[in-house]
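Colleague: Data file structure03.cif (mmCIF, C-alpha atoms and all ligand atoms) is appended below.
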data_protein
loop_
_atom_site.label_atom_id
_atom_site.label_comp_id
_atom_site.auth_asym_id
_atom_site.auth_seq_id
_atom_site.Cartn_x
_atom_site.Cartn_y
_atom_site.Cartn_z
CA MET A 1 -10.72 -6.87 -29.32
CA SER A 2 -8.34 -4.84 -27.21
CA ILE A 3 -7.04 -3.29 -23.99
CA VAL A 4 -6.95 0.43 -23.15
CA ILE A 5 -4.47 1.79 -20.63
CA ILE A 6 -5.81 4.67 -18.54
CA ARG A 7 -3.48 6.42 -16.10
CA GLN A 8 -2.41 10.02 -15.56
CA ASP A 9 1.29 9.57 -14.88
CA ASP A 10 4.07 9.26 -17.46
CA LYS A 11 4.06 5.45 -17.56
CA ILE A 12 1.51 4.76 -20.32
CA GLU A 13 4.14 4.09 -22.99
CA LEU A 14 6.13 1.87 -20.62
CA TRP A 15 3.05 -0.30 -19.98
CA LYS A 16 1.93 -0.24 -23.59
CA ASN A 17 5.32 -1.39 -24.88
CA ALA A 18 5.66 -4.08 -22.22
CA LEU A 19 2.19 -5.47 -22.95
CA GLN A 20 2.66 -5.28 -26.71
CA GLU A 21 5.97 -7.10 -26.49
CA ALA A 22 4.48 -9.84 -24.30
CA ALA A 23 1.38 -10.26 -26.47
CA PRO A 24 1.86 -8.96 -30.03
CA ASP A 25 -1.55 -10.39 -31.03
CA ILE A 26 -3.51 -8.13 -28.63
CA LYS A 27 -4.22 -4.52 -29.59
CA ILE A 28 -3.13 -2.16 -26.81
CA TYR A 29 -4.14 1.52 -26.77
CA SER A 30 -3.41 4.52 -24.62
CA TYR A 31 -6.62 6.33 -23.70
CA LEU A 32 -4.92 9.50 -24.94
CA GLU A 33 -4.68 8.29 -28.55
CA SER A 34 -7.52 7.80 -30.97
CA HIS A 35 -8.93 4.31 -30.34
CA PRO A 36 -12.06 2.31 -31.19
CA VAL A 37 -14.05 2.49 -27.95
CA ASP A 38 -16.43 -0.30 -29.06
CA GLU A 39 -13.54 -2.75 -29.32
CA ILE A 40 -12.22 -2.21 -25.81
CA GLU A 41 -12.84 -5.19 -23.54
CA VAL A 42 -10.38 -4.44 -20.76
CA ALA A 43 -9.39 -1.16 -19.12
CA LEU A 44 -6.01 -1.35 -17.39
CA VAL A 45 -6.23 1.51 -14.91
CA TRP A 46 -4.19 3.35 -12.33
CA LYS A 47 -5.75 6.47 -10.82
CA HIS A 48 -7.73 7.09 -14.02
CA PRO A 49 -9.52 10.41 -14.49
CA LYS A 50 -12.98 9.97 -13.00
CA GLY A 51 -15.61 9.27 -15.66
CA THR A 52 -13.28 7.79 -18.28
CA LEU A 53 -14.53 4.23 -17.77
CA THR A 54 -18.02 5.18 -18.95
CA LYS A 55 -16.80 5.51 -22.55
CA TYR A 56 -16.47 1.79 -23.19
CA PRO A 57 -19.81 0.04 -23.89
CA ASN A 58 -18.27 -3.44 -24.30
CA LEU A 59 -15.96 -3.48 -21.29
CA LYS A 60 -15.73 -6.99 -19.81
CA TYR A 61 -13.65 -6.17 -16.73
CA ILE A 62 -11.47 -3.51 -15.12
CA ALA A 63 -7.85 -4.45 -14.40
CA CYS A 64 -6.08 -2.38 -11.76
CA SER A 65 -2.33 -2.18 -12.41
CA GLY A 66 -1.63 -1.84 -8.69
CA ALA A 67 -2.65 -3.64 -5.52
CA GLY A 68 -4.98 -1.02 -4.06
CA VAL A 69 -8.32 -0.49 -5.81
CA ASP A 70 -9.75 2.28 -3.61
CA PHE A 71 -9.59 4.81 -6.46
CA ILE A 72 -11.89 2.61 -8.58
CA PHE A 73 -14.57 2.54 -5.87
CA GLU A 74 -14.12 6.28 -5.27
CA ASP A 75 -15.17 6.97 -8.89
CA ASP A 76 -18.96 6.85 -8.63
CA THR A 77 -19.22 6.59 -12.43
CA THR A 78 -17.37 3.23 -12.45
CA PRO A 79 -19.66 0.82 -14.33
CA GLN A 80 -21.42 -1.40 -11.78
CA ASN A 81 -21.35 -5.19 -11.88
CA LEU A 82 -18.11 -5.45 -13.85
CA PRO A 83 -15.41 -7.68 -12.38
CA ILE A 84 -12.36 -5.86 -11.05
CA THR A 85 -8.95 -7.50 -10.85
CA ARG A 86 -5.88 -6.22 -9.05
CA VAL A 87 -2.18 -7.00 -8.82
CA VAL A 88 -0.98 -9.72 -6.49
CA ASP A 89 2.69 -10.07 -7.19
CA THR A 90 5.73 -11.50 -5.45
CA MET A 91 7.97 -8.58 -6.46
CA LEU A 92 5.44 -6.01 -5.23
CA ALA A 93 5.26 -7.86 -1.93
CA SER A 94 9.01 -8.26 -1.46
CA ASP A 95 9.59 -4.60 -2.37
CA MET A 96 7.07 -3.57 0.29
CA SER A 97 8.68 -5.85 2.84
CA GLU A 98 12.11 -4.35 2.11
CA TYR A 99 10.69 -0.82 2.50
CA VAL A 100 9.10 -1.55 5.86
CA ILE A 101 12.18 -3.38 7.13
CA ALA A 102 14.37 -0.41 6.10
CA ALA A 103 12.08 1.92 8.09
CA ILE A 104 12.13 -0.41 11.11
CA PHE A 105 15.92 -0.64 11.19
CA SER A 106 16.30 3.12 10.68
CA HIS A 107 14.16 3.54 13.80
CA LEU A 108 15.94 0.86 15.85
CA LYS A 109 19.39 2.19 15.03
CA ARG A 110 18.32 5.85 15.41
CA PHE A 111 19.24 6.86 11.86
CA TYR A 112 16.36 9.35 11.78
CA GLU A 113 17.62 11.22 14.87
CA TYR A 114 21.20 11.14 13.56
CA LYS A 115 20.05 12.76 10.32
CA VAL A 116 18.46 15.60 12.32
CA ASN A 117 21.58 15.86 14.51
CA GLN A 118 23.73 16.03 11.40
CA THR A 119 21.89 19.14 10.21
CA LYS A 120 23.01 20.74 13.50
CA SER A 121 26.59 19.33 13.39
CA LEU A 122 25.65 17.59 16.63
CA TRP A 123 27.71 14.56 17.78
CA LYS A 124 25.32 12.80 20.15
CA PRO A 125 25.30 9.01 20.64
CA GLU A 126 21.73 7.72 21.06
CA GLN A 127 20.83 4.45 22.79
CA TYR A 128 20.05 1.94 20.06
CA LYS A 129 17.61 -0.98 20.22
CA ARG A 130 17.90 -4.58 19.11
CA ILE A 131 15.63 -6.88 17.15
CA ARG A 132 14.75 -8.78 20.32
CA ASP A 133 13.53 -5.54 21.98
CA TYR A 134 10.57 -5.06 19.65
CA THR A 135 7.20 -6.52 18.81
CA ILE A 136 6.02 -5.52 15.37
CA GLY A 137 2.27 -5.36 14.69
CA ILE A 138 0.98 -5.46 11.12
CA LEU A 139 -2.50 -4.15 10.35
CA GLY A 140 -3.54 -6.26 7.36
CA LEU A 141 -2.16 -9.75 6.76
CA GLY A 142 -2.98 -9.94 3.06
CA ALA A 143 -0.70 -10.41 0.07
CA LEU A 144 1.75 -7.77 1.34
CA GLY A 145 1.35 -8.14 5.10
CA THR A 146 1.92 -11.89 5.00
CA VAL A 147 5.24 -11.61 3.17
CA LEU A 148 6.36 -8.87 5.55
CA ALA A 149 5.35 -10.97 8.57
CA LYS A 150 7.38 -13.96 7.33
CA ASP A 151 10.41 -11.76 6.63
CA LEU A 152 10.21 -10.19 10.11
CA VAL A 153 10.05 -13.63 11.70
CA HIS A 154 13.08 -14.58 9.65
CA PHE A 155 14.95 -11.58 11.12
CA GLY A 156 13.93 -12.66 14.61
CA PHE A 157 11.32 -10.00 15.41
CA LYS A 158 8.36 -10.88 17.59
CA THR A 159 5.65 -10.45 14.97
CA GLN A 160 1.89 -10.18 15.16
CA GLY A 161 -0.81 -9.29 12.69
CA TRP A 162 -4.45 -8.25 12.55
CA SER A 163 -6.92 -8.99 9.80
CA ASN A 164 -10.61 -9.61 9.21
CA SER A 165 -10.27 -13.39 9.14
CA ARG A 166 -7.70 -15.16 11.32
CA LYS A 167 -4.49 -16.17 9.57
CA GLU A 168 -2.14 -19.02 10.30
CA ILE A 169 1.44 -17.99 9.63
CA PRO A 170 4.20 -19.85 11.46
CA GLU A 171 5.51 -17.88 14.48
CA VAL A 172 3.18 -14.95 13.83
CA GLN A 173 0.57 -14.21 16.48
CA ALA A 174 -2.70 -13.72 14.63
CA PHE A 175 -5.48 -11.40 15.80
CA ALA A 176 -8.79 -11.00 14.00
CA GLY A 177 -11.71 -8.61 14.03
CA GLN A 178 -12.62 -5.54 16.10
CA GLU A 179 -12.87 -7.56 19.31
CA GLU A 180 -9.14 -8.45 19.20
CA LEU A 181 -7.86 -5.10 17.97
CA HIS A 182 -7.16 -3.66 21.42
CA GLU A 183 -5.09 -6.66 22.54
CA PHE A 184 -3.14 -6.52 19.28
CA LEU A 185 -2.45 -2.80 19.61
CA SER A 186 -1.46 -2.92 23.28
CA SER A 187 1.69 -4.91 22.45
CA SER A 188 2.57 -3.44 19.03
CA GLU A 189 5.68 -1.31 19.60
CA ILE A 190 6.05 -0.69 15.90
CA LEU A 191 2.74 -0.55 14.03
CA VAL A 192 2.71 -1.08 10.26
CA CYS A 193 -0.43 -0.29 8.27
CA LEU A 194 -0.92 -2.49 5.18
CA LEU A 195 -4.71 -2.39 5.06
CA PRO A 196 -6.75 -1.61 1.97
CA LEU A 197 -8.61 1.71 2.11
CA THR A 198 -12.32 0.94 2.53
CA ASN A 199 -15.28 2.45 4.38
CA GLU A 200 -14.28 0.32 7.38
CA THR A 201 -10.59 1.29 7.45
CA SER A 202 -10.79 4.97 6.46
CA GLY A 203 -9.36 7.07 9.30
CA ILE A 204 -8.44 3.98 11.35
CA LEU A 205 -5.05 5.48 12.30
CA ASN A 206 -6.50 8.01 14.73
CA LYS A 207 -5.96 9.25 18.28
CA GLN A 208 -8.15 6.57 19.77
CA LEU A 209 -6.13 3.82 18.06
CA PHE A 210 -2.73 5.42 18.76
CA SER A 211 -3.57 5.77 22.46
CA GLN A 212 -3.88 1.95 22.67
CA LEU A 213 -0.28 1.48 21.50
CA PRO A 214 2.52 1.32 24.09
CA VAL A 215 4.10 4.68 24.96
CA GLY A 216 6.96 5.35 22.52
CA ALA A 217 5.44 3.30 19.70
CA PHE A 218 6.52 4.00 16.12
CA VAL A 219 4.08 4.02 13.21
CA ILE A 220 4.67 3.11 9.56
CA ASN A 221 1.89 3.83 7.06
CA ALA A 222 2.59 2.42 3.61
CA ALA A 223 -1.05 1.72 2.71
CA ARG A 224 -3.10 4.84 1.94
CA GLY A 225 -3.19 8.42 3.23
CA GLY A 226 -6.91 8.01 3.92
CA HIS A 227 -6.12 5.61 6.77
CA LEU A 228 -4.51 8.39 8.78
CA VAL A 229 -6.02 11.33 10.65
CA ASP A 230 -3.12 13.72 10.11
CA ALA A 231 -3.84 16.05 13.06
CA ASP A 232 -4.12 13.07 15.44
CA LEU A 233 -0.68 11.82 14.42
CA ILE A 234 0.89 15.22 15.06
CA GLU A 235 -0.85 15.49 18.43
CA MET A 236 0.30 12.01 19.54
CA LEU A 237 3.89 12.74 18.43
CA ASP A 238 3.95 16.12 20.15
CA ASN A 239 2.62 14.72 23.44
CA GLN A 240 5.37 12.03 23.27
CA HIS A 241 2.93 9.11 23.14
CA LEU A 242 4.39 8.15 19.75
CA SER A 243 8.12 8.37 19.05
CA GLY A 244 7.96 8.77 15.27
CA ALA A 245 6.31 7.84 12.01
CA THR A 246 7.39 6.88 8.53
CA LEU A 247 4.78 7.75 5.92
CA ASP A 248 4.73 6.78 2.25
CA VAL A 249 1.14 7.76 1.46
CA PHE A 250 -0.93 10.91 1.98
CA HIS A 251 -4.47 12.26 1.61
CA GLN A 252 -3.27 14.47 -1.20
CA GLU A 253 -0.38 13.36 -3.39
CA PRO A 254 2.02 14.98 -4.00
CA LEU A 255 1.92 16.23 -0.41
CA SER A 256 1.40 19.99 -0.55
CA SER A 257 4.50 22.01 0.25
CA ASP A 258 2.82 23.74 3.22
CA HIS A 259 1.71 20.51 4.93
CA PRO A 260 3.00 20.40 8.55
CA PHE A 261 4.35 16.86 8.04
CA TRP A 262 7.26 18.22 5.99
CA GLN A 263 8.70 20.23 8.88
CA HIS A 264 8.02 17.69 11.65
CA GLU A 265 11.27 16.19 12.97
CA LYS A 266 9.59 12.93 13.97
CA ILE A 267 7.89 12.34 10.62
CA HIS A 268 9.84 10.69 7.81
CA ILE A 269 8.37 11.05 4.35
CA THR A 270 8.76 8.99 1.18
CA PRO A 271 6.83 9.86 -2.03
CA HIS A 272 4.41 6.90 -2.38
CA TYR A 273 7.16 4.69 -3.71
CA ALA A 274 7.40 1.92 -1.13
CA SER A 275 6.57 -0.68 -3.72
CA VAL A 276 5.67 -0.14 -7.37
CA SER A 277 4.15 -2.55 -9.90
CA ASP A 278 7.03 -3.61 -12.12
CA THR A 279 5.97 -4.36 -15.70
CA SER A 280 8.38 -7.30 -16.00
CA SER A 281 6.68 -9.01 -13.08
CA VAL A 282 3.08 -7.84 -13.54
CA VAL A 283 2.48 -7.90 -17.32
CA PRO A 284 2.31 -11.75 -17.48
CA GLN A 285 -0.64 -11.78 -15.06
CA ILE A 286 -2.44 -9.06 -17.03
CA ILE A 287 -2.04 -11.10 -20.23
CA GLU A 288 -3.00 -14.33 -18.43
CA ASN A 289 -6.26 -12.75 -17.30
CA TYR A 290 -6.97 -11.41 -20.79
CA ARG A 291 -6.58 -14.94 -22.21
CA ARG A 292 -8.77 -16.33 -19.46
CA MET A 293 -11.47 -13.80 -20.27
CA GLN A 294 -11.27 -14.76 -23.96
CA GLN A 295 -11.58 -18.44 -23.07
CA GLY A 296 -14.47 -17.83 -20.66
CA ARG A 297 -12.38 -18.99 -17.68
CA SER A 298 -12.43 -17.37 -14.24
CA LEU A 299 -10.16 -14.38 -13.70
CA LEU A 300 -7.24 -14.33 -11.26
CA ASN A 301 -6.92 -11.83 -8.38
CA LEU A 302 -10.52 -10.72 -8.38
CA VAL A 303 -11.54 -7.95 -6.00
CA SER A 304 -14.61 -8.42 -3.82
CA THR A 305 -16.94 -5.57 -4.75
CA ASP A 306 -18.83 -6.19 -1.49
CA LYS A 307 -15.74 -5.81 0.68
CA GLY A 308 -14.11 -3.11 -1.47
CA TYR A 309 -10.73 -4.88 -1.59
P1 LIG B 401 -4.92 -7.57 0.54
O1 LIG B 401 -6.31 -7.31 0.10
O2 LIG B 401 -4.21 -8.78 0.06
O3 LIG B 401 -4.88 -7.62 2.15
C1 LIG B 401 -5.63 -6.79 2.94
C2 LIG B 401 -5.58 -7.29 4.37
O4 LIG B 401 -6.29 -6.35 5.20
C3 LIG B 401 -6.26 -8.64 4.55
O5 LIG B 401 -5.57 -9.40 5.49
C4 LIG B 401 -7.64 -8.26 5.12
O6 LIG B 401 -8.22 -9.24 5.95
C5 LIG B 401 -7.27 -7.05 5.94
N1 LIG B 401 -8.43 -6.18 6.16
C6 LIG B 401 -9.15 -5.51 5.25
N2 LIG B 401 -10.13 -4.81 5.84
C7 LIG B 401 -10.03 -5.05 7.16
C8 LIG B 401 -10.75 -4.63 8.29
N3 LIG B 401 -11.81 -3.79 8.20
N4 LIG B 401 -10.38 -5.10 9.51
C9 LIG B 401 -9.35 -5.96 9.62
N5 LIG B 401 -8.60 -6.40 8.59
C10 LIG B 401 -8.94 -5.95 7.38
O7 LIG B 401 -4.10 -6.25 0.19
P2 LIG B 401 -2.53 -6.14 -0.13
O8 LIG B 401 -1.78 -6.76 0.97
O9 LIG B 401 -2.26 -6.60 -1.51
O10 LIG B 401 -2.35 -4.54 -0.14
C11 LIG B 401 -2.70 -3.76 0.99
C12 LIG B 401 -2.69 -2.29 0.61
O11 LIG B 401 -1.35 -1.82 0.46
C13 LIG B 401 -3.30 -1.95 -0.74
O12 LIG B 401 -4.70 -1.91 -0.67
C14 LIG B 401 -2.70 -0.60 -1.04
O13 LIG B 401 -3.54 0.42 -0.52
C15 LIG B 401 -1.38 -0.60 -0.29
N6 LIG B 401 -0.22 -0.58 -1.19
C16 LIG B 401 0.67 0.48 -1.09
C17 LIG B 401 1.78 0.52 -1.88
C18 LIG B 401 2.78 1.61 -1.73
O14 LIG B 401 3.71 1.73 -2.55
N7 LIG B 401 2.70 2.43 -0.70
C19 LIG B 401 2.06 -0.51 -2.87
C20 LIG B 401 1.09 -1.58 -2.88
C21 LIG B 401 -0.01 -1.59 -2.07
P3 LIG B 401 -8.72 -10.65 5.33
O15 LIG B 401 -7.48 -11.33 4.83
O16 LIG B 401 -9.31 -11.36 6.46
O17 LIG B 401 -9.68 -10.30 4.23
C1 LIG B 402 -0.56 0.04 -5.16
C2 LIG B 402 0.30 1.19 -4.94
O1 LIG B 402 -1.64 -0.04 -4.57
O2 LIG B 402 1.36 1.30 -5.62
O3 LIG B 402 -0.16 -0.87 -5.92
O4 LIG B 402 -0.01 2.03 -4.09
#
Could I get this file's structure written as structure tokens?
Modeller:
Amino acid sequence: MSIVIIRQDDKIELWKNALQEAAPDIKIYSYLESHPVDEIEVALVWKHPKGTLTKYPNLKYIACSGAGVDFIFEDDTTPQNLPITRVVDTMLASDMSEYVIAAIFSHLKRFYEYKVNQTKSLWKPEQYKRIRDYTIGILGLGALGTVLAKDLVHFGFKTQGWSNSRKEIPEVQAFAGQEELHEFLSSSEILVCLLPLTNETSGILNKQLFSQLPVGAFVINAARGGHLVDADLIEMLDNQHLSGATLDVFHQEPLSSDHPFWQHEKIHITPHYASVSDTSSVVPQIIENYRRMQQGRSLLNLVSTDKGY
């Protein structure tokens, strides 16, 4: 019995070798090579071509090799009633935290404006801000948001977070549910989105939400492009309600070369690389789940198919 790796980037061999080295007794295939479809019990997927999961009649579960599983639910041919697992990993979480903290400090210390000024050979000191000047609001206090919140507290930031169910994290003000969203937003001077993309959160970063943030707020979206209404962000930056945005994720990736975000001085773009599943850290949990499945034990890091995350 075996695992098939299905992904469209150039990392299939990397994952295959890492899995094979960690578990020489398990047969690992790339979906691009000839493989016995009847023997496949686990599909390890990352943005698989839609429809490919239907080929495997004996699939026991789908393992996502990242944290976000939105692409699995977006494929309406995904076999129903199969368990889905995802990655919950300390390295993935600390990498995300480092990314967001880098973006926050770049904003506080005006690095983004200085980069623009540099292109104009412009020597222009800008008033900088301090850690104590800012309240950071995190949309989503899950595996990633919680680690970020703790790190921000450690730095001395006033930190607050919003989630479906109320969290208890020392020194983090916790908000929960739609009824507390406005209060949360009204004091979030830097807003970080670390929500999963679901029917409930799609398009959540829109004009109506931005207008509830304090004037001059800064937005960081490292979750999914589908959370953001692109035109609303541009409008709220151009009317000065927002002071800037750092974006790692986009509706279409790679971002098309004619997208207005590229030319916008207040938008800072990274290529969906805030935090990447590292095989050295993630492969052990993939193997652990495979063994659990073989032994009839419950799987780790199961996704709720009802909630979509
Ligand atoms: P989790 O599932 O662990 O956490 C999600 C959080 O969002 C939970 O706190 C959950 O609340 C909250 N949430 C979900 N839906 C709602 C809602 N409708 N209203 C309020 N709160 C809600 O996810 P992770 O932290 O592991 O990952 C978050 C996302 O980050 C991923 O889905 C992925 O899209 C993105 N990501 C991006 C990467 C990048 O490189 N840019 C890398 C890795 C992940 P509750 O706890 O109450 O359920
Ligand atoms: C993920 C990602 O969800 O890298 O893991 O975006």
Colleague: Given all atoms listed in the file as the basis, pick out the residue of A:Ser30, A:Thr198, A:Thr159, A:Gln208 nearest to Ile72 of chain A.
Modeller: A:Thr198
Colleague: Take the point (3.7, 3.2, 3.0) as written in the file and pick out every residue within 9 Å of it, counting only C-alpha atoms; give the list as JSON, numbers by chain.
Modeller: {"A": [96, 99, 100, 192, 193, 194, 220, 221, 222, 223, 224, 225, 246, 247, 248, 249, 270, 271, 272, 273, 274, 275]}
Colleague: Sorted by chain and rising residue number, list the residues of chain A at most 6 Å from ligand LIG 402 (chain B) (counting all atoms listed in the file), each with its closest atom pair and distance in Å to one decimal, as JSON lines.
Modeller:
{"residue": "A:Gly66", "atom": "CA", "partner": "B:LIG402", "partner_atom": "O3", "distance": 3.3}
{"residue": "A:Ala67", "atom": "CA", "partner": "B:LIG402", "partner_atom": "O3", "distance": 3.7}
{"residue": "A:Gly68", "atom": "CA", "partner": "B:LIG402", "partner_atom": "O1", "distance": 3.5}
{"residue": "A:Ser275", "atom": "CA", "partner": "B:LIG402", "partner_atom": "O2", "distance": 5.9}
{"residue": "A:Val276", "atom": "CA", "partner": "B:LIG402", "partner_atom": "O2", "distance": 4.9}
Colleague: Extract, using all atoms listed in the file, all DNA, RNA and protein residues at most 10 Å from Leu19 of chain A, discarding same-chain residues fewer than 2 positions from it, and format them as JSON, numbers by chain.
Modeller: {"A": [3, 13, 14, 15, 16, 17, 21, 22, 23, 24, 26, 27, 28, 279, 280, 282, 283, 284, 286, 287]}
Colleague: Provide the atom CA of Val88 of chain A to atom CA of Ser298 of chain A distance in Å, to one decimal place.
Modeller: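 The value is 15.8 Å.
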Colleague: Taking (-4.8, 8.2, -5.8) in the file's coordinates, which residues come within 9 Å, counting all atoms listed in the file, written as a list in words?
Modeller: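 Applying the cut-off with all atoms listed in the file, one gets Trp46, Lys47, His48, Asp70, Phe71, Arg224, His251, Gln252 and Glu253 of chain A.
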Colleague: Please produce an output containing C-alpha atoms for each residue in the selection, written as a compact mmCIF listing (two decimals), keeping the file's coordinate frame.
Modeller:
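Below is the file that was written, selection-v4.txt:
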# COMPACT_ATOMS: atom_id res chain seq x y z
CA TRP A 46 -4.19 3.35 -12.33
CA LYS A 47 -5.75 6.47 -10.82
CA HIS A 48 -7.73 7.09 -14.02
CA ASP A 70 -9.75 2.28 -3.61
CA PHE A 71 -9.59 4.81 -6.46
CA ARG A 224 -3.10 4.84 1.94
CA HIS A 251 -4.47 12.26 1.61
CA GLN A 252 -3.27 14.47 -1.20
CA GLU A 253 -0.38 13.36 -3.39
Colleague: Would you pick out the contacts of Trp162 of chain A at 8 Å or less, using only C-alpha atoms, so that residues sharing its chain but fewer than 6 positions from it are not included, and give the list as a list of chain:residue names?
Modeller: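 The residues that qualify are A:Gly137, A:Ile138, A:Leu139, A:Gly140, A:Leu141, A:Ala174, A:Phe175, A:Ala176, A:Gly177, A:Leu181, A:Phe184.
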Colleague: Would you compute the distance between atom CA of Ile190 of chain A and atom CA of Tyr112 of chain A? Give it in Å to one decimal.
Modeller: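 These two atoms are separated by 15.0 Å.
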Colleague: In Å, how far is it from atom CA of Leu209 of chain A to atom CA of Val87 of chain A?
Modeller: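 A separation of 29.2 Å between them.
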